[in-house]
>>> print(open('final-v9.txt').read())   # compact mmCIF, C-alpha atoms
# COMPACT_ATOMS: atom_id res chain seq x y z
CA PRO K 1140 -95.92 -74.58 -25.53
CA ALA K 1141 -98.43 -72.20 -23.95
CA LEU K 1142 -97.12 -69.14 -25.80
CA ARG K 1143 -97.40 -70.79 -29.21
CA ARG K 1144 -100.86 -72.24 -28.49
CA LEU K 1145 -102.07 -68.84 -27.25
CA ALA K 1146 -100.68 -66.97 -30.22
CA HIS K 1147 -102.30 -69.44 -32.61
CA HIS K 1148 -105.57 -69.16 -30.69
CA LEU K 1149 -105.62 -65.36 -30.88
CA LEU K 1150 -104.43 -64.84 -34.46
CA ALA K 1151 -106.02 -67.82 -36.22
CA HIS K 1152 -109.20 -66.00 -37.16
CA TYR K 1153 -108.14 -62.44 -36.36
CA GLN K 1154 -109.06 -59.70 -38.86
CA LYS K 1155 -106.63 -56.84 -38.50
CA GLY K 1156 -108.34 -54.75 -41.15
CA THR K 1157 -111.34 -53.76 -39.02
CA ARG K 1158 -111.64 -51.94 -35.74
CA PRO K 1159 -111.61 -54.56 -32.92
CA VAL K 1160 -115.08 -54.09 -31.42
CA ARG K 1161 -118.01 -56.49 -31.38
CA ASP K 1162 -120.55 -53.66 -31.55
CA TRP K 1163 -119.70 -51.04 -34.16
CA ARG K 1164 -121.25 -48.37 -31.93
CA THR K 1165 -118.57 -48.94 -29.31
CA THR K 1166 -115.83 -46.30 -29.31
CA THR K 1167 -112.23 -47.42 -29.09
CA ASN K 1168 -110.51 -45.35 -26.44
CA VAL K 1169 -106.75 -44.89 -27.00
CA ALA K 1170 -104.74 -43.64 -24.03
CA LEU K 1171 -101.53 -41.77 -24.87
CA ASP K 1172 -98.39 -41.02 -22.92
CA LEU K 1173 -95.21 -39.14 -23.80
CA MET K 1174 -91.80 -38.69 -22.21
CA VAL K 1175 -89.11 -36.44 -23.71
CA TYR K 1176 -85.74 -38.18 -23.91
CA ALA K 1177 -83.59 -35.55 -25.66
CA ILE K 1178 -83.71 -32.28 -27.59
CA LEU K 1179 -81.61 -33.06 -30.66
CA SER K 1180 -81.65 -29.79 -32.57
CA VAL K 1181 -83.52 -26.52 -32.97
CA ASP K 1182 -83.38 -25.10 -36.49
CA GLU K 1183 -84.43 -21.45 -36.18
CA LYS K 1184 -84.07 -20.71 -39.88
CA ASN K 1185 -86.39 -23.52 -41.03
CA GLN K 1186 -88.53 -23.41 -37.85
CA VAL K 1187 -88.01 -27.13 -37.16
CA LEU K 1188 -87.63 -28.86 -33.79
CA THR K 1189 -86.07 -32.32 -33.60
CA THR K 1190 -86.78 -34.29 -30.43
CA TYR K 1191 -86.44 -37.88 -29.31
CA ILE K 1192 -89.45 -39.09 -27.32
CA TRP K 1193 -90.72 -42.25 -25.70
CA TYR K 1194 -94.26 -42.72 -26.93
CA ARG K 1195 -96.84 -45.13 -25.50
CA GLN K 1196 -100.31 -46.17 -26.67
CA HIS K 1197 -102.89 -48.19 -24.77
CA TRP K 1198 -106.23 -49.50 -26.06
CA THR K 1199 -108.56 -52.46 -25.64
CA ASP K 1200 -108.93 -55.11 -28.35
CA GLU K 1201 -112.09 -57.13 -27.76
CA PHE K 1202 -110.85 -60.00 -29.97
CA LEU K 1203 -107.61 -60.53 -28.03
CA LYS K 1204 -109.05 -61.88 -24.77
CA TRP K 1205 -108.51 -65.32 -23.23
CA ASP K 1206 -108.85 -67.30 -20.05
CA PRO K 1207 -105.43 -67.67 -18.41
CA ALA K 1208 -106.48 -71.01 -16.86
CA HIS K 1209 -106.58 -72.59 -20.32
CA PHE K 1210 -103.07 -71.45 -21.18
CA ASP K 1211 -100.93 -72.31 -18.19
CA ASN K 1212 -101.98 -69.12 -16.29
CA LEU K 1213 -100.43 -66.95 -19.00
CA THR K 1214 -101.72 -63.36 -18.52
CA GLU K 1215 -99.59 -61.46 -21.01
CA ILE K 1216 -98.12 -62.12 -24.43
CA SER K 1217 -96.18 -60.19 -27.05
CA LEU K 1218 -97.56 -60.30 -30.58
CA PRO K 1219 -96.24 -58.92 -33.88
CA VAL K 1220 -97.49 -55.42 -34.47
CA GLU K 1221 -98.13 -56.25 -38.15
CA SER K 1222 -100.60 -58.98 -37.15
CA ILE K 1223 -103.10 -56.91 -35.15
CA TRP K 1224 -105.09 -53.73 -35.56
CA VAL K 1225 -103.22 -50.54 -34.63
CA PRO K 1226 -104.84 -47.09 -34.46
CA ASP K 1227 -103.75 -44.58 -37.08
CA ILE K 1228 -102.44 -42.01 -34.60
CA LEU K 1229 -100.16 -39.46 -36.25
CA ILE K 1230 -98.46 -36.21 -35.26
CA ASN K 1231 -99.84 -33.25 -37.18
CA GLU K 1232 -96.61 -31.27 -37.03
CA PHE K 1233 -94.51 -33.94 -38.76
CA VAL K 1234 -92.29 -32.42 -41.49
CA ASP K 1235 -89.89 -35.29 -42.09
CA VAL K 1236 -89.53 -38.98 -41.36
CA GLY K 1237 -87.32 -39.40 -38.32
CA LYS K 1238 -84.72 -42.08 -37.74
CA SER K 1239 -86.83 -44.07 -35.34
CA PRO K 1240 -86.06 -47.71 -34.54
CA HIS K 1241 -88.67 -50.25 -35.55
CA ILE K 1242 -90.29 -52.06 -32.63
CA PRO K 1243 -91.92 -55.22 -34.08
CA TYR K 1244 -93.99 -56.31 -31.04
CA VAL K 1245 -96.75 -55.10 -28.74
CA TYR K 1246 -97.84 -56.42 -25.34
CA VAL K 1247 -101.35 -57.88 -24.97
CA SER K 1248 -102.96 -58.81 -21.62
CA HIS K 1249 -105.70 -61.42 -21.11
CA HIS K 1250 -108.28 -58.59 -20.73
CA GLY K 1251 -107.55 -57.47 -24.29
CA GLU K 1252 -105.47 -54.46 -23.26
CA VAL K 1253 -102.80 -53.67 -25.86
CA GLN K 1254 -99.68 -51.62 -25.02
CA ASN K 1255 -97.66 -50.24 -27.89
CA LEU K 1256 -94.41 -48.69 -26.63
CA LYS K 1257 -91.87 -47.22 -29.04
CA PRO K 1258 -89.23 -44.49 -29.23
CA ILE K 1259 -89.65 -41.90 -31.98
CA GLN K 1260 -87.35 -39.27 -33.39
CA VAL K 1261 -89.74 -36.46 -34.16
CA MET K 1262 -89.01 -33.65 -36.64
CA THR K 1263 -91.85 -31.20 -36.24
CA ALA K 1264 -92.66 -27.69 -37.38
CA CYS K 1265 -92.60 -25.19 -34.54
CA SER K 1266 -93.07 -21.43 -34.36
CA LEU K 1267 -89.76 -20.45 -32.79
CA ASP K 1268 -89.50 -17.02 -31.22
CA ILE K 1269 -85.83 -15.96 -31.17
CA TYR K 1270 -86.34 -12.33 -30.17
CA ASN K 1271 -84.94 -12.98 -26.68
CA PHE K 1272 -81.95 -15.02 -27.87
CA PRO K 1273 -79.93 -16.34 -26.01
CA PHE K 1274 -82.40 -16.12 -23.10
CA ASP K 1275 -85.30 -17.52 -25.12
CA VAL K 1276 -87.93 -20.05 -24.07
CA GLN K 1277 -89.60 -22.11 -26.81
CA ASN K 1278 -93.01 -23.74 -26.66
CA CYS K 1279 -93.52 -26.41 -29.33
CA SER K 1280 -96.58 -28.60 -29.63
CA LEU K 1281 -96.94 -32.27 -30.61
CA THR K 1282 -100.53 -32.94 -31.69
CA PHE K 1283 -101.60 -36.60 -31.74
CA THR K 1284 -104.79 -37.38 -33.61
CA SER K 1285 -106.39 -40.06 -35.75
CA TRP K 1286 -105.97 -39.12 -39.38
CA LEU K 1287 -109.11 -40.93 -40.56
CA HIS K 1288 -111.37 -42.02 -37.69
CA HIS K 1289 -113.67 -39.46 -36.10
CA ILE K 1290 -114.34 -39.26 -32.40
CA ARG K 1291 -117.23 -41.76 -32.49
CA ASP K 1292 -114.78 -44.44 -33.61
CA ILE K 1293 -111.54 -43.48 -31.86
CA ASN K 1294 -111.34 -41.25 -28.84
CA LEU K 1295 -108.11 -40.11 -27.16
CA SER K 1296 -107.24 -39.71 -23.50
CA LEU K 1297 -104.19 -39.30 -21.29
CA TRP K 1298 -102.63 -42.41 -19.83
CA ARG K 1299 -101.23 -40.73 -16.70
CA GLN K 1300 -102.28 -37.73 -14.69
CA PRO K 1301 -101.37 -34.35 -16.29
CA GLU K 1302 -99.23 -33.41 -13.27
CA LEU K 1303 -97.15 -36.55 -13.66
CA VAL K 1304 -96.60 -35.84 -17.35
CA LYS K 1305 -95.79 -32.18 -16.75
CA PHE K 1306 -92.78 -32.59 -14.47
CA ASP K 1307 -91.51 -35.98 -15.63
CA ARG K 1308 -87.78 -35.59 -16.40
CA SER K 1309 -86.80 -39.10 -15.42
CA VAL K 1310 -85.47 -40.03 -18.87
CA PHE K 1311 -84.46 -36.60 -20.16
CA MET K 1312 -80.81 -36.16 -21.11
CA ASN K 1313 -80.21 -32.62 -19.84
CA GLN K 1314 -76.57 -32.07 -20.79
CA GLY K 1315 -77.17 -30.27 -24.08
CA GLU K 1316 -77.90 -26.71 -25.05
CA TRP K 1317 -81.59 -26.91 -24.17
CA GLU K 1318 -83.22 -27.53 -20.81
CA LEU K 1319 -86.65 -29.14 -20.49
CA LEU K 1320 -88.93 -27.07 -18.28
CA TYR K 1321 -92.19 -29.01 -18.45
CA VAL K 1322 -94.62 -30.81 -20.77
CA LEU K 1323 -98.23 -29.65 -20.79
CA SER K 1324 -101.08 -31.79 -22.10
CA ARG K 1325 -104.51 -30.78 -23.35
CA PHE K 1326 -107.39 -32.65 -24.99
CA ARG K 1327 -109.45 -30.96 -27.68
CA GLU K 1328 -112.28 -31.93 -29.98
CA PHE K 1329 -112.32 -30.21 -33.35
CA SER K 1330 -114.06 -30.41 -36.70
CA VAL K 1331 -113.11 -29.26 -40.20
CA LYS K 1332 -115.77 -27.37 -42.20
CA SER K 1333 -118.78 -28.73 -40.28
CA SER K 1334 -117.69 -32.31 -40.82
CA ASP K 1335 -117.45 -35.04 -38.19
CA SER K 1336 -115.55 -34.20 -35.04
CA TYR K 1337 -112.09 -35.54 -34.35
CA ALA K 1338 -110.24 -36.00 -31.09
CA GLU K 1339 -106.73 -34.71 -30.60
CA MET K 1340 -104.27 -34.72 -27.73
CA LYS K 1341 -101.74 -31.86 -27.60
CA PHE K 1342 -98.45 -32.05 -25.74
CA TYR K 1343 -96.67 -28.70 -25.30
CA VAL K 1344 -92.93 -29.21 -24.90
CA VAL K 1345 -91.51 -26.10 -23.19
CA ILE K 1346 -87.73 -25.80 -23.39
CA ARG K 1347 -85.24 -23.10 -22.40
CA ARG K 1348 -81.84 -22.35 -23.88
CA ARG K 1349 -78.81 -22.37 -21.60
CA PRO K 1350 -77.24 -18.92 -22.21
CA LEU K 1351 -73.81 -19.38 -20.60
CA PHE K 1352 -71.97 -20.22 -23.83
CA TYR K 1353 -73.48 -17.28 -25.72
CA THR K 1354 -72.88 -14.92 -22.81
CA VAL K 1355 -69.18 -15.79 -22.75
CA SER K 1356 -68.65 -15.86 -26.51
CA LEU K 1357 -70.96 -13.03 -27.64
CA LEU K 1358 -71.89 -10.60 -24.89
CA LEU K 1359 -68.68 -10.35 -22.88
CA PRO K 1360 -66.34 -9.54 -25.84
CA SER K 1361 -68.74 -6.87 -27.01
CA ILE K 1362 -68.93 -5.40 -23.50
CA PHE K 1363 -65.12 -5.38 -23.22
CA LEU K 1364 -64.79 -3.51 -26.52
CA MET K 1365 -67.35 -0.92 -25.41
CA VAL K 1366 -65.50 -0.46 -22.10
CA MET K 1367 -62.26 0.12 -24.01
CA ASP K 1368 -64.04 2.69 -26.17
CA ILE K 1369 -65.10 4.57 -23.03
CA VAL K 1370 -61.58 4.36 -21.60
CA GLY K 1371 -60.27 5.81 -24.88
CA PHE K 1372 -61.85 9.16 -23.99
CA TYR K 1373 -59.12 9.67 -21.40
CA LEU K 1374 -56.52 10.03 -24.14
CA PRO K 1375 -55.60 13.70 -24.81
CA PRO K 1376 -57.89 15.10 -27.50
CA HIS K 1377 -55.13 17.17 -29.14
CA SER K 1378 -53.10 14.03 -29.91
CA GLY K 1379 -53.84 11.87 -32.90
CA GLU K 1380 -53.59 8.65 -30.90
CA ARG K 1381 -57.24 8.75 -29.90
CA VAL K 1382 -58.44 8.69 -33.50
CA SER K 1383 -56.24 5.73 -34.43
CA PHE K 1384 -57.25 3.93 -31.22
CA LYS K 1385 -60.98 4.29 -31.91
CA ILE K 1386 -60.57 3.31 -35.55
CA THR K 1387 -58.80 0.15 -34.37
CA LEU K 1388 -61.68 -0.58 -32.00
CA LEU K 1389 -64.21 -0.08 -34.80
CA LEU K 1390 -62.33 -2.45 -37.10
CA GLY K 1391 -61.98 -5.00 -34.30
CA TYR K 1392 -65.72 -4.87 -33.61
CA SER K 1393 -66.45 -5.34 -37.31
CA VAL K 1394 -64.27 -8.46 -37.38
CA PHE K 1395 -66.00 -9.68 -34.22
CA LEU K 1396 -69.43 -9.33 -35.86
CA ILE K 1397 -68.23 -11.25 -38.92
CA ILE K 1398 -67.02 -14.08 -36.69
CA VAL K 1399 -70.24 -14.33 -34.64
CA SER K 1400 -72.60 -13.97 -37.60
CA ASP K 1401 -72.79 -17.76 -38.00
CA THR K 1402 -73.65 -18.17 -34.32
CA LEU K 1403 -76.66 -15.89 -34.37
CA PRO K 1404 -79.96 -17.50 -35.39
CA ALA K 1405 -81.23 -16.33 -38.76
CA THR K 1406 -84.93 -16.17 -39.55
CA ALA K 1407 -87.06 -14.30 -42.03
CA VAL K 1408 -89.59 -13.44 -39.32
CA GLY K 1409 -87.59 -11.02 -37.19
CA THR K 1410 -84.25 -10.04 -35.74
CA PRO K 1411 -83.21 -11.18 -32.27
CA LEU K 1412 -82.66 -8.53 -29.64
CA ILE K 1413 -78.96 -9.37 -29.44
CA GLY K 1414 -78.65 -8.43 -33.12
CA ILE K 1415 -80.13 -5.03 -32.34
CA TYR K 1416 -77.70 -4.81 -29.44
CA PHE K 1417 -74.73 -5.39 -31.75
CA VAL K 1418 -76.00 -2.82 -34.25
CA VAL K 1419 -76.46 -0.20 -31.54
CA CYS K 1420 -72.98 -0.92 -30.16
CA MET K 1421 -71.55 -0.44 -33.65
CA ALA K 1422 -73.48 2.83 -33.96
CA LEU K 1423 -72.12 3.99 -30.59
CA LEU K 1424 -68.58 3.25 -31.75
CA VAL K 1425 -69.19 5.28 -34.91
CA ILE K 1426 -70.61 8.16 -32.85
CA SER K 1427 -67.60 8.00 -30.54
CA LEU K 1428 -65.23 8.13 -33.50
CA THR K 1429 -67.15 11.07 -35.00
CA GLU K 1430 -66.95 12.96 -31.71
CA THR K 1431 -63.21 12.32 -31.53
CA ILE K 1432 -62.68 13.59 -35.07
CA LEU K 1433 -64.68 16.73 -34.24
CA ILE K 1434 -62.63 17.47 -31.12
CA VAL K 1435 -59.29 16.80 -32.84
CA ARG K 1436 -60.33 19.08 -35.70
CA LEU K 1437 -61.28 21.75 -33.19
CA VAL K 1438 -57.99 21.77 -31.29
CA HIS K 1439 -55.69 21.15 -34.24
CA LYS K 1440 -54.23 23.83 -36.54
CA GLN K 1441 -55.51 26.72 -34.43
CA ASP K 1442 -53.23 29.13 -36.31
CA LEU K 1443 -55.68 29.08 -39.18
CA GLN K 1444 -58.71 29.78 -36.98
CA PRO K 1445 -60.11 33.14 -35.82
CA HIS K 1446 -60.72 34.12 -32.21
CA VAL K 1447 -63.25 32.09 -30.26
CA PRO K 1448 -66.67 33.79 -30.48
CA GLU K 1449 -67.89 35.40 -27.30
CA TRP K 1450 -71.05 33.29 -27.14
CA VAL K 1451 -68.96 30.12 -27.33
CA LYS K 1452 -66.78 31.38 -24.47
CA HIS K 1453 -69.87 32.24 -22.45
CA LEU K 1454 -71.51 28.85 -22.97
CA LEU K 1455 -68.54 26.50 -22.73
CA LEU K 1456 -65.95 28.29 -20.59
CA GLU K 1457 -68.45 29.66 -18.06
CA LYS K 1458 -71.80 27.88 -18.07
CA ALA K 1459 -70.57 24.44 -19.10
CA THR K 1460 -67.75 24.39 -16.55
CA ILE K 1461 -70.25 25.07 -13.77
CA LEU K 1462 -72.66 22.47 -15.15
CA LEU K 1463 -69.95 19.83 -15.48
CA CYS K 1464 -68.47 20.65 -12.07
CA ILE K 1465 -64.97 21.19 -13.46
CA ARG K 1466 -62.70 22.01 -10.55
CA ASP K 1467 -60.24 24.25 -12.44
CA ARG K 1468 -62.90 26.35 -14.16
CA LYS K 1469 -61.25 29.52 -12.72
CA LYS K 1470 -58.29 28.81 -14.95
CA PHE K 1471 -60.60 28.78 -17.98
CA SER K 1472 -62.28 32.04 -16.95
CA GLN K 1473 -59.04 33.80 -16.07
CA SER K 1474 -57.30 32.81 -19.27
CA ARG K 1475 -60.07 34.13 -21.46
CA THR K 1476 -58.72 37.75 -21.80
CA PRO K 1477 -54.93 37.73 -21.96
CA SER K 1478 -54.89 39.92 -25.07
CA LEU K 1479 -57.28 42.42 -23.49
CA ASP K 1480 -55.02 42.79 -20.46
CA THR K 1481 -52.01 43.27 -22.69
CA SER K 1482 -53.78 45.95 -24.75
CA ARG K 1483 -54.81 47.80 -21.58
CA GLN K 1484 -51.24 47.83 -20.35
CA VAL K 1485 -50.08 49.14 -23.70
CA GLU K 1486 -52.70 51.90 -23.63
CA ASN K 1487 -51.70 52.96 -20.12
CA HIS K 1488 -48.08 52.99 -21.17
CA ASP K 1489 -48.86 55.08 -24.23
CA SER K 1490 -50.87 57.59 -22.21
CA THR K 1491 -47.83 58.47 -20.10
CA ALA K 1492 -45.44 58.55 -23.00
CA LYS K 1493 -44.39 61.71 -24.76
CA PRO K 1494 -45.62 62.30 -28.28
CA THR K 1495 -43.20 61.40 -30.98
CA PRO K 1496 -43.21 62.20 -34.65
CA TYR K 1497 -43.58 58.50 -35.46
CA VAL K 1498 -47.16 57.65 -36.43
CA CYS K 1499 -48.17 53.97 -36.48
CA GLU K 1500 -50.71 52.68 -38.94
CA ASP K 1501 -51.40 49.42 -37.09
CA PRO K 1502 -52.73 49.51 -33.48
CA ARG K 1503 -50.22 46.85 -32.60
CA GLU K 1504 -47.43 49.17 -33.73
CA CYS K 1505 -48.68 51.66 -31.19
CA GLY K 1506 -47.74 49.18 -28.50
CA ALA K 1507 -44.24 49.14 -29.86
CA ALA K 1508 -44.05 52.91 -30.19
CA GLY K 1509 -43.55 53.45 -26.49
CA GLY K 1510 -40.66 51.02 -26.43
CA THR K 1511 -38.90 52.66 -29.36
CA ARG K 1512 -39.42 56.39 -28.69
CA SER K 1513 -35.85 56.79 -27.43
CA ALA K 1514 -34.60 55.29 -30.66
CA LEU K 1515 -36.84 57.65 -32.63
CA ALA K 1516 -35.53 60.64 -30.74
CA PHE K 1517 -32.03 59.55 -31.44
CA ALA K 1518 -32.92 58.96 -35.07
CA GLY K 1519 -34.39 62.43 -35.25
CA ARG K 1520 -31.13 63.98 -34.11
CA ALA K 1521 -29.21 61.90 -36.65
CA GLU K 1522 -31.38 62.25 -39.72
CA GLY K 1523 -28.59 61.38 -41.98
CA SER K 1524 -27.92 57.99 -40.44
CA ALA K 1525 -29.65 55.49 -42.77
CA ALA K 1526 -28.26 52.52 -40.89
CA LEU K 1527 -30.04 53.48 -37.70
CA GLN K 1528 -33.29 53.88 -39.59
CA GLU K 1529 -32.90 50.37 -40.97
CA VAL K 1530 -32.22 48.98 -37.50
CA LEU K 1531 -35.34 50.74 -36.23
CA ARG K 1532 -37.52 49.21 -38.91
CA GLU K 1533 -36.13 45.73 -38.29
CA THR K 1534 -36.67 46.05 -34.55
CA THR K 1535 -40.25 47.14 -35.10
CA ALA K 1536 -40.90 44.20 -37.43
CA ILE K 1537 -39.47 41.76 -34.91
CA ARG K 1538 -41.67 43.26 -32.19
CA GLN K 1539 -44.75 42.95 -34.39
CA LEU K 1540 -43.88 39.34 -35.25
CA LEU K 1541 -43.50 38.42 -31.59
CA GLU K 1542 -46.79 40.06 -30.72
CA LYS K 1543 -48.56 38.29 -33.57
CA ARG K 1544 -47.09 34.96 -32.44
CA GLU K 1545 -48.29 35.65 -28.91
CA GLU K 1546 -51.74 36.41 -30.30
CA PHE K 1547 -51.77 33.12 -32.22
CA ARG K 1548 -50.79 31.35 -29.03
CA ASP K 1549 -53.67 32.98 -27.20
CA VAL K 1550 -56.09 31.90 -29.95
CA ALA K 1551 -54.73 28.35 -29.85
CA ARG K 1552 -55.02 28.29 -26.06
CA GLU K 1553 -58.64 29.43 -26.24
CA TRP K 1554 -59.60 26.81 -28.82
CA LEU K 1555 -57.80 24.13 -26.81
CA GLN K 1556 -59.76 25.08 -23.70
CA VAL K 1557 -62.99 25.01 -25.70
CA GLY K 1558 -62.04 21.60 -27.08
CA TYR K 1559 -61.33 20.18 -23.62
CA VAL K 1560 -64.63 21.41 -22.18
CA LEU K 1561 -66.58 20.20 -25.21
CA ASP K 1562 -64.81 16.84 -25.00
CA ILE K 1563 -65.82 16.42 -21.34
CA LEU K 1564 -69.40 17.40 -22.16
CA LEU K 1565 -69.73 14.98 -25.07
CA PHE K 1566 -68.03 12.20 -23.09
CA ARG K 1567 -70.52 12.48 -20.26
CA VAL K 1568 -73.44 12.55 -22.67
CA TYR K 1569 -72.03 9.46 -24.42
CA LEU K 1570 -71.47 7.70 -21.10
CA ALA K 1571 -75.04 8.45 -19.99
CA ALA K 1572 -76.39 7.07 -23.28
CA VAL K 1573 -74.35 3.85 -22.93
CA LEU K 1574 -75.46 3.34 -19.31
CA ALA K 1575 -79.12 3.98 -20.14
CA TYR K 1576 -78.96 1.56 -23.06
CA SER K 1577 -77.25 -1.13 -20.95
CA ILE K 1578 -79.76 -0.82 -18.11
CA THR K 1579 -82.70 -0.94 -20.51
CA LEU K 1580 -81.37 -4.00 -22.33
CA GLY K 1581 -80.54 -5.84 -19.10
CA THR K 1582 -83.98 -5.09 -17.68
CA LEU K 1583 -85.75 -6.35 -20.78
CA TRP K 1584 -83.75 -9.58 -20.81
CA SER K 1585 -84.35 -10.13 -17.08
CA VAL K 1586 -88.08 -9.52 -17.32
CA TRP K 1587 -88.51 -11.80 -20.34
CA ARG K 1588 -86.38 -14.52 -18.77
CA ASP K 1589 -88.40 -14.50 -15.55
CA ALA K 1590 -91.66 -14.44 -17.50
>>> encode(input="final-v9.txt", output="structure tokens")
Amino acid sequence: PALRRLAHHLLAHYQKGTRPVRDWRTTTNVALDLMVYAILSVDEKNQVLTTYIWYRQHWTDEFLKWDPAHFDNLTEISLPVESIWVPDILINEFVDVGKSPHIPYVYVSHHGEVQNLKPIQVMTACSLDIYNFPFDVQNCSLTFTSWLHHIRDINLSLWRQPELVKFDRSVFMNQGEWELLYVLSRFREFSVKSSDSYAEMKFYVVIRRRPLFYTVSLLLPSIFLMVMDIVGFYLPPHSGERVSFKITLLLGYSVFLIIVSDTLPATAVGTPLIGIYFVVCMALLVISLTETILIVRLVHKQDLQPHVPEWVKHLLLEKATILLCIRDRKKFSQSRTPSLDTSRQVENHDSTAKPTPYVCEDPRECGAAGGTRSALAFAGRAEGSAALQEVLRETTAIRQLLEKREEFRDVAREWLQVGYVLDILLFRVYLAAVLAYSITLGTLWSVWRDA
């Protein structure tokens, strides 16, 4: 048969151990081509990219030529790859032997052109930048070069045009996590320590992560928890429910971070921006809880607190209400001096009253003196009545107790008003910080994604 006669004719005296040129000065030109079939995995921790590619080599073997007329017009034959010379083209970034199928044959044409086509699972080292995770774009290179032969023996070139290689997605399986953007190619001649020059062909595989899964599972739950934290400010500050609510949110966010810790890429080089985002969100929750504790402490147990200082009243109940555009700020300003109005009324009442022999030691007792002067006059006429004197003392004590309770209520009301105004002020500052942080983060992600 023609195939058997041709194979015997070509391989009978073939020497596969030497480069197939008749003149040793002739350079063997190897044309390369690459098509990405699938992105299998991206290991950010070990900086390893695993891809499955279709790889093609093309060169001319001067000892594998024949006349088709002598072999039944046969122009092409497949020969065992172990029986002919094959260039030692390797990938510099190889870190492990992939599970590539063994292709035992190559195609040879009657002009001596050899085509070696084979699929390869490539595990290569790649400098992965995860700072923009999950909106990151990775650029990994596959460098093909002859490990031994310098450029005078083996030169490399591109089989197809660079534009055809760049946008060729005809065999790419694009249903995974990563999307193939393009494949760039570049030829370079290099030398090591002034030795002979070598030829290399670089293919830059540019891939982009699809962020939908991470947006739904990472970003949206965190955003929902932060929104609930902002809504929690509308709970009354004098109730203890706000503190328990924010503590629950903080614990829930901690559990959320524990769950998503395995999803985030871990490298020793740097931290992704989304990790910084989670840390800042946790810090904002802690700040919100601290602010709530401060406000609750301010408006709780006012009986043990002194009067609100005048400078605090001036800043919060006057200036801050105008700055925050609080509609009922007149209520805050009018309710600032209830005790002063009461004391003025008492003084006016005392000025019109007749002097009595009863002398009060406490100024508050002076307010009660006007109300009890009739009883004192009666007691003066009945000096021997001890029972009436006892009733007078008890009545005075009750009046003093009621006035002191009213004073405590005024102090509590003042501190409560201060707490409400301070709570509104801190809430708006917190809301402005959250909005500024969200806008900054969204802008950075958008700019880096478009770039």
>>> residues_around(input="final-v9.txt", residues="stretch 1165-1173 of chain K", least_positions_apart="6", cutoff="7 Å", atoms="all atoms listed in the file", output="VMD selection string")
chain K and resid 1192 to 1198 1291 to 1299
>>> residues_around(input="final-v9.txt", residues="K:Tyr1353", least_positions_apart="3", cutoff="12 Å", atoms="only C-alpha atoms", output="MDAnalysis selection string")
chainID K and resid 1272:1275 1316 1348:1350 1356:1361 1399 1402:1404 1413
>>> residues_around(input="final-v9.txt", residues="K:Trp1224", least_positions_apart="5", cutoff="12 Å", atoms="all atoms listed in the file", output="PyMOL selection string")
chain K and resi 1150+1153-1160+1167+1198-1203+1218-1219+1245+1247+1253+1255
>>> write_last_selection(input="final-v9.txt", atoms="C-alpha atoms", output="CSV table (one decimal), in the frame of the given file")
chain,number,residue,atom,x,y,z
K,1150,LEU,CA,-104.4,-64.8,-34.5
K,1153,TYR,CA,-108.1,-62.4,-36.4
K,1154,GLN,CA,-109.1,-59.7,-38.9
K,1155,LYS,CA,-106.6,-56.8,-38.5
K,1156,GLY,CA,-108.3,-54.8,-41.2
K,1157,THR,CA,-111.3,-53.8,-39.0
K,1158,ARG,CA,-111.6,-51.9,-35.7
K,1159,PRO,CA,-111.6,-54.6,-32.9
K,1160,VAL,CA,-115.1,-54.1,-31.4
K,1167,THR,CA,-112.2,-47.4,-29.1
K,1198,TRP,CA,-106.2,-49.5,-26.1
K,1199,THR,CA,-108.6,-52.5,-25.6
K,1200,ASP,CA,-108.9,-55.1,-28.4
K,1201,GLU,CA,-112.1,-57.1,-27.8
K,1202,PHE,CA,-110.8,-60.0,-30.0
K,1203,LEU,CA,-107.6,-60.5,-28.0
K,1218,LEU,CA,-97.6,-60.3,-30.6
K,1219,PRO,CA,-96.2,-58.9,-33.9
K,1245,VAL,CA,-96.8,-55.1,-28.7
K,1247,VAL,CA,-101.4,-57.9,-25.0
K,1253,VAL,CA,-102.8,-53.7,-25.9
K,1255,ASN,CA,-97.7,-50.2,-27.9
>>> closest_residue(input="final-v9.txt", among="K:Ser1324, K:Ser1239, K:Gln1254, K:Ser1248", to="K:Asn1212", atoms="only C-alpha atoms")
K:Ser1248
>>> closest_residue(input="final-v9.txt", among="K:Glu1553, K:Glu1545, K:Glu1380, K:Asp1401", to="K:Leu1428", atoms="only C-alpha atoms")
K:Glu1380
>>> atom_distance(input="final-v9.txt", atom1="atom CA of K:Ile1362", atom2="atom CA of K:Ser1180")
29.0 Å
>>> residues_near_point(input="final-v9.txt", point="(-106.2, -37.0, -40.0)", cutoff="12 Å", atoms="only C-alpha atoms", output="JSON, numbers by chain")
{"K": [1226, 1227, 1228, 1229, 1230, 1231, 1232, 1282, 1283, 1284, 1285, 1286, 1287, 1288, 1289, 1290, 1293, 1329, 1330, 1331, 1335, 1336, 1337, 1338, 1339]}
>>> atom_distance(input="final-v9.txt", atom1="atom CA of K:Tyr1244", atom2="atom CA of K:Val1220")
5.0 Å
>>> residues_around(input="final-v9.txt", residues="K:Phe1311", least_positions_apart="3", cutoff="10 Å", atoms="only C-alpha atoms", output="MDAnalysis selection string")
chainID K and resid 1174:1178 1191:1192 1307:1308 1314 1318:1319
>>> atom_distance(input="final-v9.txt", atom1="atom CA of K:Gly1379", atom2="atom CA of K:Ile1432")
9.3 Å
>>> residues_near_point(input="final-v9.txt", point="(-92.5, -46.5, -32.8)", cutoff="7 Å", atoms="only C-alpha atoms", output="VMD selection string")
chain K and resid 1239 to 1242 1256 to 1259
>>> closest_residue(input="final-v9.txt", among="K:Asp1562, K:Asp1268, K:Asp1211, K:Glu1302", to="K:Thr1429", atoms="all atoms listed in the file")
K:Asp1562
